[in-house]
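Text of input22.cif (mmCIF, C-alpha atoms and all ligand atoms) as supplied:
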data_entry
#
loop_
_atom_site.label_atom_id
_atom_site.label_comp_id
_atom_site.auth_asym_id
_atom_site.auth_seq_id
_atom_site.Cartn_x
_atom_site.Cartn_y
_atom_site.Cartn_z
CA MET A 24 -44.07 11.69 6.04
CA GLU A 25 -42.06 9.13 8.01
CA PRO A 26 -41.24 10.84 11.36
CA TRP A 27 -37.43 10.40 11.09
CA ILE A 28 -37.46 11.88 7.58
CA GLU A 29 -39.59 14.78 8.79
CA ARG A 30 -37.11 15.45 11.60
CA GLY A 31 -34.14 15.20 9.21
CA THR A 32 -35.72 17.50 6.66
CA GLU A 33 -36.15 20.14 9.38
CA VAL A 34 -32.49 20.30 10.34
CA VAL A 35 -30.22 18.77 7.65
CA MET A 36 -29.26 21.09 4.81
CA HIS A 37 -31.04 20.21 1.60
CA THR A 38 -28.08 19.24 -0.60
CA TYR A 39 -29.22 15.71 -1.46
CA ASN A 40 -32.28 14.30 -3.21
CA ARG A 41 -32.71 11.28 -0.98
CA PHE A 42 -34.90 8.21 -1.28
CA PRO A 43 -37.50 8.03 1.51
CA LEU A 44 -35.56 5.30 3.26
CA VAL A 45 -33.95 5.34 6.72
CA ILE A 46 -31.22 2.72 6.97
CA GLU A 47 -30.62 1.53 10.49
CA LYS A 48 -28.37 -1.53 10.41
CA GLY A 49 -26.62 -4.02 8.18
CA GLU A 50 -25.20 -7.53 8.06
CA GLY A 51 -22.92 -8.63 5.22
CA VAL A 52 -24.48 -7.42 1.95
CA TYR A 53 -27.91 -6.74 3.49
CA VAL A 54 -29.22 -3.62 5.23
CA TRP A 55 -32.46 -3.01 7.15
CA ASP A 56 -34.58 0.09 7.46
CA GLN A 57 -35.84 1.29 10.83
CA LYS A 58 -39.11 -0.60 10.34
CA GLY A 59 -37.29 -3.90 9.84
CA LYS A 60 -37.57 -4.21 6.02
CA LYS A 61 -34.55 -5.99 4.53
CA TYR A 62 -32.68 -4.83 1.39
CA LEU A 63 -29.95 -6.45 -0.69
CA ASP A 64 -27.39 -3.68 -0.99
CA PHE A 65 -25.75 -3.32 -4.43
CA VAL A 66 -24.76 0.27 -3.57
CA ALA A 67 -22.51 -0.32 -0.54
CA GLY A 68 -22.58 3.36 0.42
CA ILE A 69 -21.53 4.07 -3.21
CA ALA A 70 -18.58 1.70 -3.48
CA VAL A 71 -17.53 2.22 0.14
CA ASN A 72 -18.51 -0.76 2.34
CA SER A 73 -15.86 -3.12 0.92
CA LEU A 74 -16.38 -5.67 3.68
CA GLY A 75 -20.13 -5.17 3.87
CA CYS A 76 -21.66 -4.50 7.29
CA ASN A 77 -20.98 -5.91 10.74
CA HIS A 78 -17.73 -7.59 9.62
CA SER A 79 -16.27 -9.29 12.68
CA THR A 80 -12.55 -8.67 11.99
CA PHE A 81 -13.25 -5.04 11.11
CA ILE A 82 -15.19 -4.51 14.33
CA GLU A 83 -12.66 -6.32 16.54
CA ASN A 84 -9.78 -4.24 15.20
CA MET A 85 -11.66 -0.95 15.42
CA VAL A 86 -12.79 -1.62 19.00
CA GLU A 87 -9.25 -2.65 19.99
CA GLN A 88 -7.90 0.58 18.47
CA LEU A 89 -10.59 2.68 20.19
CA HIS A 90 -9.43 1.30 23.51
CA LYS A 91 -5.87 2.36 22.67
CA ILE A 92 -6.29 5.85 21.16
CA ASN A 93 -8.88 7.60 18.98
CA HIS A 94 -6.83 10.52 17.62
CA CYS A 95 -3.46 12.13 18.19
CA SER A 96 -2.69 14.67 15.37
CA ASN A 97 0.18 14.73 12.89
CA LEU A 98 2.31 16.62 15.38
CA TYR A 99 3.24 13.06 16.37
CA TRP A 100 3.50 9.62 14.75
CA ASN A 101 0.92 6.89 15.23
CA ILE A 102 1.44 3.18 14.55
CA PRO A 103 -1.66 2.37 12.42
CA GLN A 104 -0.75 5.25 10.06
CA ILE A 105 2.76 3.90 9.57
CA GLU A 106 1.50 0.33 9.10
CA LEU A 107 -1.15 1.34 6.56
CA ALA A 108 1.35 3.48 4.64
CA GLU A 109 3.76 0.52 4.56
CA LEU A 110 1.04 -1.77 3.27
CA LEU A 111 -0.03 0.68 0.55
CA VAL A 112 3.55 1.37 -0.56
CA THR A 113 4.57 -2.30 -0.57
CA LYS A 114 1.56 -3.33 -2.63
CA SER A 115 1.73 -0.48 -5.17
CA CYS A 116 4.10 1.31 -7.55
CA PHE A 117 4.20 4.37 -5.26
CA ASP A 118 6.79 5.47 -2.70
CA LYS A 119 4.94 7.85 -0.40
CA VAL A 120 1.42 8.40 1.01
CA PHE A 121 -0.42 11.52 2.16
CA PHE A 122 -3.49 10.69 4.24
CA CYS A 123 -6.68 12.74 4.22
CA ASN A 124 -10.38 12.03 4.78
CA SER A 125 -12.25 11.85 1.48
CA GLY A 126 -11.95 11.51 -2.27
CA ALA A 127 -12.21 15.24 -2.95
CA GLU A 128 -9.43 15.87 -0.46
CA ALA A 129 -7.22 13.27 -2.12
CA ILE A 130 -7.83 15.07 -5.42
CA GLU A 131 -7.04 18.46 -3.84
CA ALA A 132 -3.76 17.03 -2.57
CA ALA A 133 -2.98 15.72 -6.07
CA LEU A 134 -3.80 19.10 -7.69
CA LYS A 135 -1.52 20.91 -5.26
CA LEU A 136 1.26 18.38 -5.73
CA ALA A 137 0.97 18.72 -9.53
CA ARG A 138 1.39 22.51 -9.35
CA LYS A 139 4.34 22.23 -6.99
CA TYR A 140 5.93 19.63 -9.26
CA GLY A 141 5.37 21.69 -12.41
CA LYS A 142 6.91 24.81 -10.91
CA LYS A 143 9.84 22.90 -9.44
CA VAL A 144 10.70 20.95 -12.57
CA HIS A 145 9.62 23.21 -15.46
CA GLY A 146 9.36 26.73 -13.98
CA ALA A 147 6.82 29.17 -12.56
CA ASP A 148 4.36 29.01 -15.50
CA CYS A 149 4.01 25.23 -15.54
CA VAL A 150 0.72 25.07 -13.64
CA GLU A 151 -1.94 23.66 -15.97
CA ILE A 152 -3.72 20.39 -15.35
CA ILE A 153 -5.60 18.57 -18.09
CA ALA A 154 -8.64 16.59 -16.96
CA MET A 155 -11.33 14.68 -18.87
CA GLU A 156 -14.82 15.49 -20.05
CA GLN A 157 -17.52 13.49 -18.23
CA SER A 158 -15.18 12.94 -15.28
CA PHE A 159 -16.07 13.29 -11.61
CA HIS A 160 -13.53 14.21 -8.95
CA GLY A 161 -15.50 15.55 -5.99
CA ARG A 162 -17.16 18.67 -4.62
CA THR A 163 -14.48 20.99 -3.25
CA LEU A 164 -13.80 23.97 -5.51
CA GLY A 165 -10.60 22.42 -6.85
CA ALA A 166 -12.13 18.99 -7.39
CA ILE A 167 -15.27 20.44 -8.95
CA THR A 168 -13.12 22.48 -11.35
CA ALA A 169 -11.36 19.27 -12.36
CA THR A 170 -14.74 17.56 -12.80
CA GLY A 171 -15.65 17.64 -16.49
CA GLN A 172 -19.42 18.00 -16.12
CA ILE A 173 -20.97 21.45 -16.23
CA LYS A 174 -24.04 20.38 -14.22
CA TYR A 175 -21.91 20.14 -11.06
CA GLN A 176 -20.32 23.57 -11.63
CA LYS A 177 -23.54 25.56 -11.98
CA ASP A 178 -23.45 28.94 -10.19
CA LEU A 179 -20.01 28.30 -8.69
CA ALA A 180 -17.93 30.48 -11.02
CA PRO A 181 -15.25 31.70 -10.84
CA LEU A 182 -13.68 28.25 -10.67
CA LEU A 183 -9.98 27.50 -10.31
CA PRO A 184 -7.87 28.76 -13.24
CA GLY A 185 -5.50 26.44 -15.07
CA ILE A 186 -7.63 23.28 -15.38
CA LEU A 187 -8.85 22.31 -18.84
CA HIS A 188 -10.84 19.40 -20.21
CA VAL A 189 -10.47 17.17 -23.25
CA PRO A 190 -12.60 14.24 -24.48
CA TYR A 191 -11.89 10.95 -22.67
CA ASN A 192 -10.26 8.09 -24.57
CA ASN A 193 -9.08 10.50 -27.30
CA ILE A 194 -5.29 10.65 -27.48
CA GLU A 195 -5.16 13.19 -30.31
CA ALA A 196 -7.26 15.69 -28.35
CA LEU A 197 -5.01 15.18 -25.34
CA ARG A 198 -1.80 15.53 -27.33
CA SER A 199 -2.91 18.81 -28.84
CA ALA A 200 -3.92 20.19 -25.43
CA VAL A 201 -0.51 19.57 -23.82
CA THR A 202 1.73 22.67 -23.82
CA GLU A 203 4.82 23.85 -21.93
CA HIS A 204 2.38 25.01 -19.22
CA THR A 205 1.03 21.49 -18.56
CA CYS A 206 2.17 19.94 -15.28
CA ALA A 207 -0.20 16.96 -15.06
CA ILE A 208 -2.93 14.87 -16.64
CA LEU A 209 -5.75 13.66 -14.37
CA LEU A 210 -8.15 10.86 -15.27
CA GLU A 211 -10.26 8.03 -13.88
CA PRO A 212 -9.15 4.67 -15.36
CA ILE A 213 -12.85 3.79 -15.16
CA GLN A 214 -15.15 6.82 -15.17
CA GLY A 215 -17.68 6.17 -12.42
CA GLU A 216 -20.25 8.95 -11.98
CA GLY A 217 -19.90 9.70 -15.70
CA GLY A 218 -21.62 6.38 -16.51
CA ILE A 219 -19.11 3.50 -15.93
CA HIS A 220 -16.75 3.99 -18.86
CA PRO A 221 -13.45 2.10 -18.71
CA ALA A 222 -10.46 3.69 -20.47
CA ASP A 223 -9.10 1.92 -23.56
CA LEU A 224 -5.80 0.13 -22.99
CA ALA A 225 -4.09 1.67 -26.04
CA TYR A 226 -5.23 5.13 -24.90
CA LEU A 227 -3.78 4.73 -21.42
CA GLN A 228 -0.55 3.36 -22.88
CA SER A 229 -0.22 6.45 -25.07
CA VAL A 230 -1.09 8.78 -22.18
CA ARG A 231 1.62 7.14 -20.09
CA GLN A 232 4.14 7.55 -22.89
CA LEU A 233 3.16 11.21 -23.40
CA CYS A 234 3.55 12.02 -19.69
CA SER A 235 6.95 10.30 -19.53
CA GLU A 236 8.20 12.10 -22.67
CA LYS A 237 7.15 15.51 -21.35
CA ASN A 238 8.03 14.79 -17.72
CA ILE A 239 4.54 15.69 -16.55
CA LEU A 240 2.58 13.77 -13.91
CA LEU A 241 0.08 11.08 -14.81
CA MET A 242 -2.51 11.18 -12.02
CA PHE A 243 -5.19 8.49 -11.68
CA ASP A 244 -8.36 9.13 -9.71
CA GLU A 245 -9.04 5.68 -8.27
CA VAL A 246 -11.37 6.94 -5.56
CA GLN A 247 -14.11 4.69 -6.91
CA CYS A 248 -12.28 1.99 -8.89
CA GLY A 249 -9.35 1.45 -6.49
CA ILE A 250 -8.89 -0.88 -3.50
CA GLY A 251 -10.03 -4.20 -4.89
CA ARG A 252 -13.09 -3.09 -6.84
CA THR A 253 -11.66 -4.24 -10.18
CA GLY A 254 -10.38 -7.54 -8.78
CA LYS A 255 -6.89 -6.03 -8.56
CA LEU A 256 -5.87 -3.93 -5.58
CA PHE A 257 -5.50 -0.89 -7.85
CA GLY A 258 -7.30 -0.17 -11.11
CA TYR A 259 -4.03 0.64 -12.89
CA GLU A 260 -2.91 -2.98 -12.42
CA VAL A 261 -5.74 -4.13 -14.69
CA TYR A 262 -4.09 -2.13 -17.49
CA GLY A 263 -0.46 -2.76 -16.52
CA ILE A 264 0.17 1.00 -16.56
CA GLU A 265 1.72 2.81 -13.62
CA PRO A 266 0.64 6.39 -12.89
CA ASP A 267 2.84 8.83 -10.94
CA VAL A 268 0.09 9.88 -8.54
CA ILE A 269 -3.12 8.23 -7.36
CA ALA A 270 -6.14 9.44 -5.37
CA LEU A 271 -7.88 6.88 -3.14
CA ALA A 272 -10.81 7.01 -0.70
CA LYS A 273 -14.24 5.29 -0.62
CA GLY A 274 -13.50 1.55 -0.25
CA LEU A 275 -10.16 2.10 1.52
CA GLY A 276 -11.83 2.59 4.91
CA GLY A 277 -14.60 0.04 4.42
CA GLY A 278 -17.10 2.64 5.68
CA PHE A 279 -14.80 4.65 7.94
CA PRO A 280 -13.83 7.99 6.33
CA ILE A 281 -10.30 8.01 4.93
CA GLY A 282 -8.63 9.26 1.76
CA ALA A 283 -5.09 8.95 0.49
CA MET A 284 -2.95 10.51 -2.20
CA MET A 285 0.06 8.44 -3.17
CA ALA A 286 2.98 9.43 -5.37
CA VAL A 287 6.22 8.11 -6.81
CA GLN A 288 9.31 9.60 -5.20
CA LYS A 289 10.08 12.28 -7.83
CA ALA A 290 6.55 13.67 -7.43
CA ALA A 291 6.37 13.26 -3.64
CA ASP A 292 9.59 15.28 -3.34
CA ALA A 293 7.69 18.37 -4.55
CA PHE A 294 5.92 18.57 -1.16
CA MET A 295 7.93 20.05 1.72
CA PRO A 296 6.91 20.25 5.41
CA GLY A 297 4.11 22.81 5.71
CA ASP A 298 2.96 22.45 2.09
CA HIS A 299 -0.09 20.35 2.90
CA ALA A 300 -1.87 19.04 5.99
CA SER A 301 -5.06 17.65 7.46
CA THR A 302 -6.05 17.52 11.13
CA PHE A 303 -7.75 14.14 10.77
CA GLY A 304 -5.49 12.77 8.00
CA GLY A 305 -3.89 9.49 9.04
CA ASN A 306 -6.09 9.24 12.13
CA PRO A 307 -5.33 5.94 13.93
CA LEU A 308 -8.92 4.66 13.73
CA ALA A 309 -9.25 5.47 10.02
CA CYS A 310 -5.88 3.82 9.33
CA THR A 311 -6.89 0.75 11.31
CA ALA A 312 -9.96 0.49 9.10
CA GLY A 313 -7.75 0.79 5.99
CA LYS A 314 -5.37 -1.86 7.33
CA VAL A 315 -8.17 -4.38 7.88
CA VAL A 316 -9.59 -3.78 4.39
CA LEU A 317 -6.17 -4.25 2.76
CA GLN A 318 -5.39 -7.33 4.83
CA GLU A 319 -8.70 -8.94 3.87
CA LEU A 320 -8.09 -8.17 0.20
CA VAL A 321 -4.46 -9.15 -0.05
CA GLU A 322 -3.81 -11.67 2.72
CA ARG A 323 -7.18 -13.37 3.21
CA GLY A 324 -8.19 -14.05 -0.39
CA LEU A 325 -10.81 -11.35 -0.95
CA LEU A 326 -9.18 -10.15 -4.19
CA GLU A 327 -9.47 -13.65 -5.68
CA GLN A 328 -13.09 -13.80 -4.51
CA VAL A 329 -13.81 -10.48 -6.27
CA GLN A 330 -12.21 -11.78 -9.47
CA LYS A 331 -14.34 -14.92 -9.41
CA ASN A 332 -17.62 -13.25 -8.50
CA SER A 333 -17.19 -10.38 -10.93
CA VAL A 334 -17.01 -12.86 -13.82
CA TYR A 335 -20.31 -14.23 -12.59
CA LEU A 336 -21.89 -10.77 -12.28
CA LYS A 337 -20.83 -9.85 -15.82
CA GLU A 338 -22.20 -13.12 -17.23
CA ARG A 339 -25.52 -12.59 -15.50
CA LEU A 340 -25.78 -8.98 -16.72
CA LEU A 341 -25.00 -10.09 -20.28
CA ASP A 342 -27.69 -12.79 -19.97
CA LEU A 343 -30.11 -10.14 -18.78
CA LYS A 344 -29.27 -7.99 -21.79
CA GLU A 345 -30.09 -10.92 -24.09
CA SER A 346 -33.59 -11.15 -22.67
CA CYS A 347 -34.31 -7.45 -22.13
CA THR A 348 -34.49 -4.94 -24.96
CA LEU A 349 -34.35 -2.01 -22.52
CA ILE A 350 -30.64 -2.77 -21.95
CA GLN A 351 -28.38 -1.14 -24.54
CA ASP A 352 -24.97 -1.91 -23.12
CA VAL A 353 -23.18 -3.74 -20.32
CA ARG A 354 -19.88 -2.12 -19.25
CA GLY A 355 -17.34 -2.15 -16.47
CA ILE A 356 -14.57 -4.07 -14.77
CA GLY A 357 -14.73 -6.30 -11.69
CA LEU A 358 -17.44 -5.34 -9.24
CA MET A 359 -17.83 -1.92 -10.88
CA MET A 360 -20.36 -2.62 -13.58
CA GLY A 361 -23.00 -0.60 -15.35
CA ILE A 362 -25.94 -1.34 -17.61
CA GLU A 363 -27.08 1.41 -19.93
CA LEU A 364 -30.80 1.51 -20.61
CA ASN A 365 -32.68 3.17 -23.45
CA MET A 366 -34.62 5.13 -20.82
CA PRO A 367 -33.85 7.14 -17.65
CA VAL A 368 -33.10 4.75 -14.79
CA GLY A 369 -34.90 6.55 -11.93
CA THR A 370 -38.13 4.53 -11.95
CA ILE A 371 -36.29 1.21 -12.31
CA ILE A 372 -34.12 2.00 -9.29
CA GLN A 373 -37.20 3.08 -7.33
CA LYS A 374 -39.10 -0.12 -8.15
CA CYS A 375 -36.09 -2.31 -7.31
CA MET A 376 -35.90 -0.57 -3.95
CA GLU A 377 -39.56 -1.35 -3.30
CA LYS A 378 -38.75 -5.01 -4.03
CA GLY A 379 -35.78 -5.00 -1.66
CA LEU A 380 -32.79 -4.25 -3.91
CA LEU A 381 -30.72 -1.07 -3.56
CA LEU A 382 -29.13 0.25 -6.77
CA VAL A 383 -27.60 3.57 -7.78
CA GLY A 384 -27.48 5.39 -11.11
CA ALA A 385 -24.43 6.75 -12.91
CA GLY A 386 -25.59 9.51 -15.20
CA THR A 387 -29.21 9.49 -16.39
CA HIS A 388 -29.35 6.21 -18.31
CA THR A 389 -26.94 3.87 -16.52
CA ILE A 390 -27.56 1.66 -13.48
CA ARG A 391 -24.40 1.04 -11.51
CA PHE A 392 -23.46 -2.15 -9.64
CA VAL A 393 -20.91 -1.53 -6.88
CA PRO A 394 -21.85 -4.10 -4.19
CA PRO A 395 -19.71 -4.92 -1.15
CA LEU A 396 -16.62 -6.82 -2.30
CA VAL A 397 -17.63 -9.72 -0.04
CA ILE A 398 -20.73 -10.48 -2.14
CA ASN A 399 -21.16 -14.10 -3.30
CA GLU A 400 -22.82 -15.75 -6.35
CA LYS A 401 -26.05 -16.50 -4.53
CA GLU A 402 -26.47 -12.88 -3.50
CA ILE A 403 -25.61 -11.66 -7.01
CA GLU A 404 -28.25 -14.01 -8.40
CA GLU A 405 -30.82 -12.72 -5.91
CA GLY A 406 -30.19 -9.14 -7.07
CA ILE A 407 -30.34 -10.09 -10.76
CA GLN A 408 -33.70 -11.81 -10.23
CA ILE A 409 -35.23 -8.69 -8.63
CA LEU A 410 -33.83 -6.47 -11.39
CA ARG A 411 -35.05 -8.90 -14.06
CA SER A 412 -38.59 -8.83 -12.71
CA VAL A 413 -38.64 -5.01 -12.58
CA LEU A 414 -37.22 -4.66 -16.12
CA LYS A 415 -39.76 -7.19 -17.36
CA GLU A 416 -42.66 -5.22 -15.86
CA GLU A 417 -41.28 -1.99 -17.34
CA ALA A 418 -40.85 -3.50 -20.80
CA GLN A 419 -44.50 -4.59 -20.91
C1 LIG B 1 -13.83 9.08 -9.05
C2 LIG B 1 -14.21 9.91 -7.87
N1 LIG B 1 -13.37 10.85 -7.42
C3 LIG B 1 -13.65 11.61 -6.36
C4 LIG B 1 -14.85 11.45 -5.69
C5 LIG B 1 -15.15 12.33 -4.50
O1 LIG B 1 -15.07 11.56 -3.34
P1 LIG B 1 -15.70 12.12 -1.97
O2 LIG B 1 -17.18 12.13 -2.14
O3 LIG B 1 -15.21 11.15 -0.93
O4 LIG B 1 -15.14 13.48 -1.76
C6 LIG B 1 -15.76 10.50 -6.11
C7 LIG B 1 -17.06 10.33 -5.44
O5 LIG B 1 -18.00 9.78 -5.95
C8 LIG B 1 -15.43 9.69 -7.23
O6 LIG B 1 -16.28 8.76 -7.69
#

In structure tokens, what does this structure look like?
Ligand SMILES: Cc1ncc(COP(=O)(O)O)c(C=O)c1O
Amino acid sequence: MEPWIERGTEVVMHTYNRFPLVIEKGEGVYVWDQKGKKYLDFVAGIAVNSLGCNHSTFIENMVEQLHKINHCSNLYWNIPQIELAELLVTKSCFDKVFFCNSGAEAIEAALKLARKYGKKVHGADCVEIIAMEQSFHGRTLGAITATGQIKYQKDLAPLLPGILHVPYNNIEALRSAVTEHTCAILLEPIQGEGGIHPADLAYLQSVRQLCSEKNILLMFDEVQCGIGRTGKLFGYEVYGIEPDVIALAKGLGGGFPIGAMMAVQKAADAFMPGDHASTFGGNPLACTAGKVVLQELVERGLLEQVQKNSVYLKERLLDLKESCTLIQDVRGIGLMMGIELNMPVGTIIQKCMEKGLLLVGAGTHTIRFVPPLVINEKEIEEGIQILRSVLKEEAQ
């Protein structure tokens, strides 16, 4: 076994099935292992490294901030936190931000806010949250309860009471599940881990209408599809539908851990001082990272670049489908695409890795494409060529 992997296996808890690959450094959309082998990275830390690796503006700003202050707690204010909150609020439909450190934490914050809102507006019994089958919301007990896939919940019972699941993209099922105990509906506008399934526009429109009629919160989990991945800053903008609450993480920090839960004023008002907190939430370094990512997207043309390049990626994947019978479907929005195969994707991903292309699955039969948002056409083409050659070999 590779010595680093042997050392890691000795001391790191065995919660992941990892590839035998030690990644040491990166530049743009490429990463290198410790032996110097180069890989084109279509995983980006699972939709995290928005600006790729070794991005000069990102590094300059982070180093500058490190020289100022690394952490100061929410006993006090810090400037990057205020600036990032201003940016997020100005560019979205939300009024307030709560900062945390990960996607699951953003979901936890949303679940707590939903309960507080339900009790405040509709009374003590209004505590139920409806989530979707095949969803993924993270690994804390609350987030895993909201996750609509039994495989992640194995041996963890008892889970949180008051969270139920209905089929995704099915408005009738949702309507019949809503009762006077419902305080919120939680969904991913594009299901990620569940296999890259975008919501239907008419469905989301009806869900929005239902939530408004009943005065319950519409909560979008945009941990994976938010922050530029769809070509819009937020996934909800693609649909023209505004949720009341959103969970963000992954791409927001461009590789530095940060999460955020945002809410419209009427929902945000349900949280009072002391109701929720995080030691690291809104840390000045994490917020500096978030600021740089947002500035690149909004002020320096990265969103437009994503829009342009995602059209190209989709075209190339559709071309690939034409020539490869293993591909059943091409789905997704922006730089969050998936191809569904008529076979499990494990060996394809493994062989692509051997040929220098990193890919990640979403469910058993779907390969996911979530490259750094800075990827260009030439790099997309390079990845497609490697994938094409592997699929061709497999089809033979
Ligand atoms: C949609 C969605 N929500 C929540 C999470 C959990 O995020 P984290 O791993 O940062 O806790 C993920 C992670 O994959 C996700 O894709």

A:Leu341 environment, 12 Å, all atoms listed in the file, sequence neighbours closer than 2 positions dropped, as a ChimeraX atom specification: /A:334-339,343-348,350-355,360-363,407,411

Near-ligand residues for ligand LIG 1 (chain B), threshold 10 Å, all atoms listed in the file, as a count of residues only: 45

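Using all atoms listed in the file, the shortest contact distance between A:Gly313 and any of A:Gly251, A:Pro103, A:Pro181, A:Gly384 is found at A:Pro103.
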
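The coordinates place atom CA of A:Ala291 at 29.2 Å from atom CA of A:Gln88.
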
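Distances here use all atoms listed in the file; by that measure, the residue among A:Leu275, A:Leu209, A:Ile264, A:Ile186 closest to A:Asp223 is A:Ile264.
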
Taking 3 positions as the minimum chain separation for residues in the same chain, which residues sit within 10 Å of A:Lys58 when counting all atoms listed in the file? Answer as a PDB file with C-alpha atoms, in the frame of the given file.
ATOM      1  CA  LEU A  44     -35.560   5.300   3.260  1.00  0.00           C
ATOM      2  CA  VAL A  45     -33.950   5.340   6.720  1.00  0.00           C
ATOM      3  CA  ILE A  46     -31.220   2.720   6.970  1.00  0.00           C
ATOM      4  CA  GLU A  47     -30.620   1.530  10.490  1.00  0.00           C
ATOM      5  CA  TRP A  55     -32.460  -3.010   7.150  1.00  0.00           C
ATOM      6  CA  LYS A  61     -34.550  -5.990   4.530  1.00  0.00           C
TER       7      LYS A  61
END

Spatial neighbours of A:Ala286, 7 Å, only C-alpha atoms, chain gap at least 6 places, as a ChimeraX atom specification: /A:117-120,267-269

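The two atoms in question, atom CA of A:Phe81 and atom CA of A:Val316, are spaced 7.8 Å apart.
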
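Excluding stretch 194-202 of chain A and any residue on its chain fewer than 5 positions from it, the residues at most 10 Å away by all atoms listed in the file are Cys149, Glu151, Ile152, Ile153, Ala154, Met155, Leu187, His188, Val189, Ala207, Ile208, Ala225, Tyr226, Leu227, Gln228, Ser229, Val230, Leu233, Cys234, Lys237 and Ile239 of chain A.
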
Could the residues in this selection be written to a file with C-alpha atoms, as a short mmCIF file (atom, residue, chain, number, x, y, z; two decimals), in the frame of the given file?
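After the write, again-v1.cif holds the following:
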data_model
loop_
_atom_site.label_atom_id
_atom_site.label_comp_id
_atom_site.auth_asym_id
_atom_site.auth_seq_id
_atom_site.Cartn_x
_atom_site.Cartn_y
_atom_site.Cartn_z
CA CYS A 149 4.01 25.23 -15.54
CA GLU A 151 -1.94 23.66 -15.97
CA ILE A 152 -3.72 20.39 -15.35
CA ILE A 153 -5.60 18.57 -18.09
CA ALA A 154 -8.64 16.59 -16.96
CA MET A 155 -11.33 14.68 -18.87
CA LEU A 187 -8.85 22.31 -18.84
CA HIS A 188 -10.84 19.40 -20.21
CA VAL A 189 -10.47 17.17 -23.25
CA ALA A 207 -0.20 16.96 -15.06
CA ILE A 208 -2.93 14.87 -16.64
CA ALA A 225 -4.09 1.67 -26.04
CA TYR A 226 -5.23 5.13 -24.90
CA LEU A 227 -3.78 4.73 -21.42
CA GLN A 228 -0.55 3.36 -22.88
CA SER A 229 -0.22 6.45 -25.07
CA VAL A 230 -1.09 8.78 -22.18
CA LEU A 233 3.16 11.21 -23.40
CA CYS A 234 3.55 12.02 -19.69
CA LYS A 237 7.15 15.51 -21.35
CA ILE A 239 4.54 15.69 -16.55
#

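Neighbours of A:Asp148 closer than or equal to 12 Å, with all atoms listed in the file counted and sequence neighbours fewer than 5 positions away skipped, come out as Arg138, Lys139, Tyr140, Gly141, Lys142, Lys143, Gly185, Thr202, Glu203, His204, Thr205 and Cys206 of chain A.
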
Would you export the selected residues with C-alpha atoms as a PDB file, in the frame of the given file, please?
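Produced file out16.pdb, reproduced below:
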ATOM      1  CA  ARG A 138       1.390  22.510  -9.350  1.00  0.00           C
ATOM      2  CA  LYS A 139       4.340  22.230  -6.990  1.00  0.00           C
ATOM      3  CA  TYR A 140       5.930  19.630  -9.260  1.00  0.00           C
ATOM      4  CA  GLY A 141       5.370  21.690 -12.410  1.00  0.00           C
ATOM      5  CA  LYS A 142       6.910  24.810 -10.910  1.00  0.00           C
ATOM      6  CA  LYS A 143       9.840  22.900  -9.440  1.00  0.00           C
ATOM      7  CA  GLY A 185      -5.500  26.440 -15.070  1.00  0.00           C
ATOM      8  CA  THR A 202       1.730  22.670 -23.820  1.00  0.00           C
ATOM      9  CA  GLU A 203       4.820  23.850 -21.930  1.00  0.00           C
ATOM     10  CA  HIS A 204       2.380  25.010 -19.220  1.00  0.00           C
ATOM     11  CA  THR A 205       1.030  21.490 -18.560  1.00  0.00           C
ATOM     12  CA  CYS A 206       2.170  19.940 -15.280  1.00  0.00           C
TER      13      CYS A 206
END
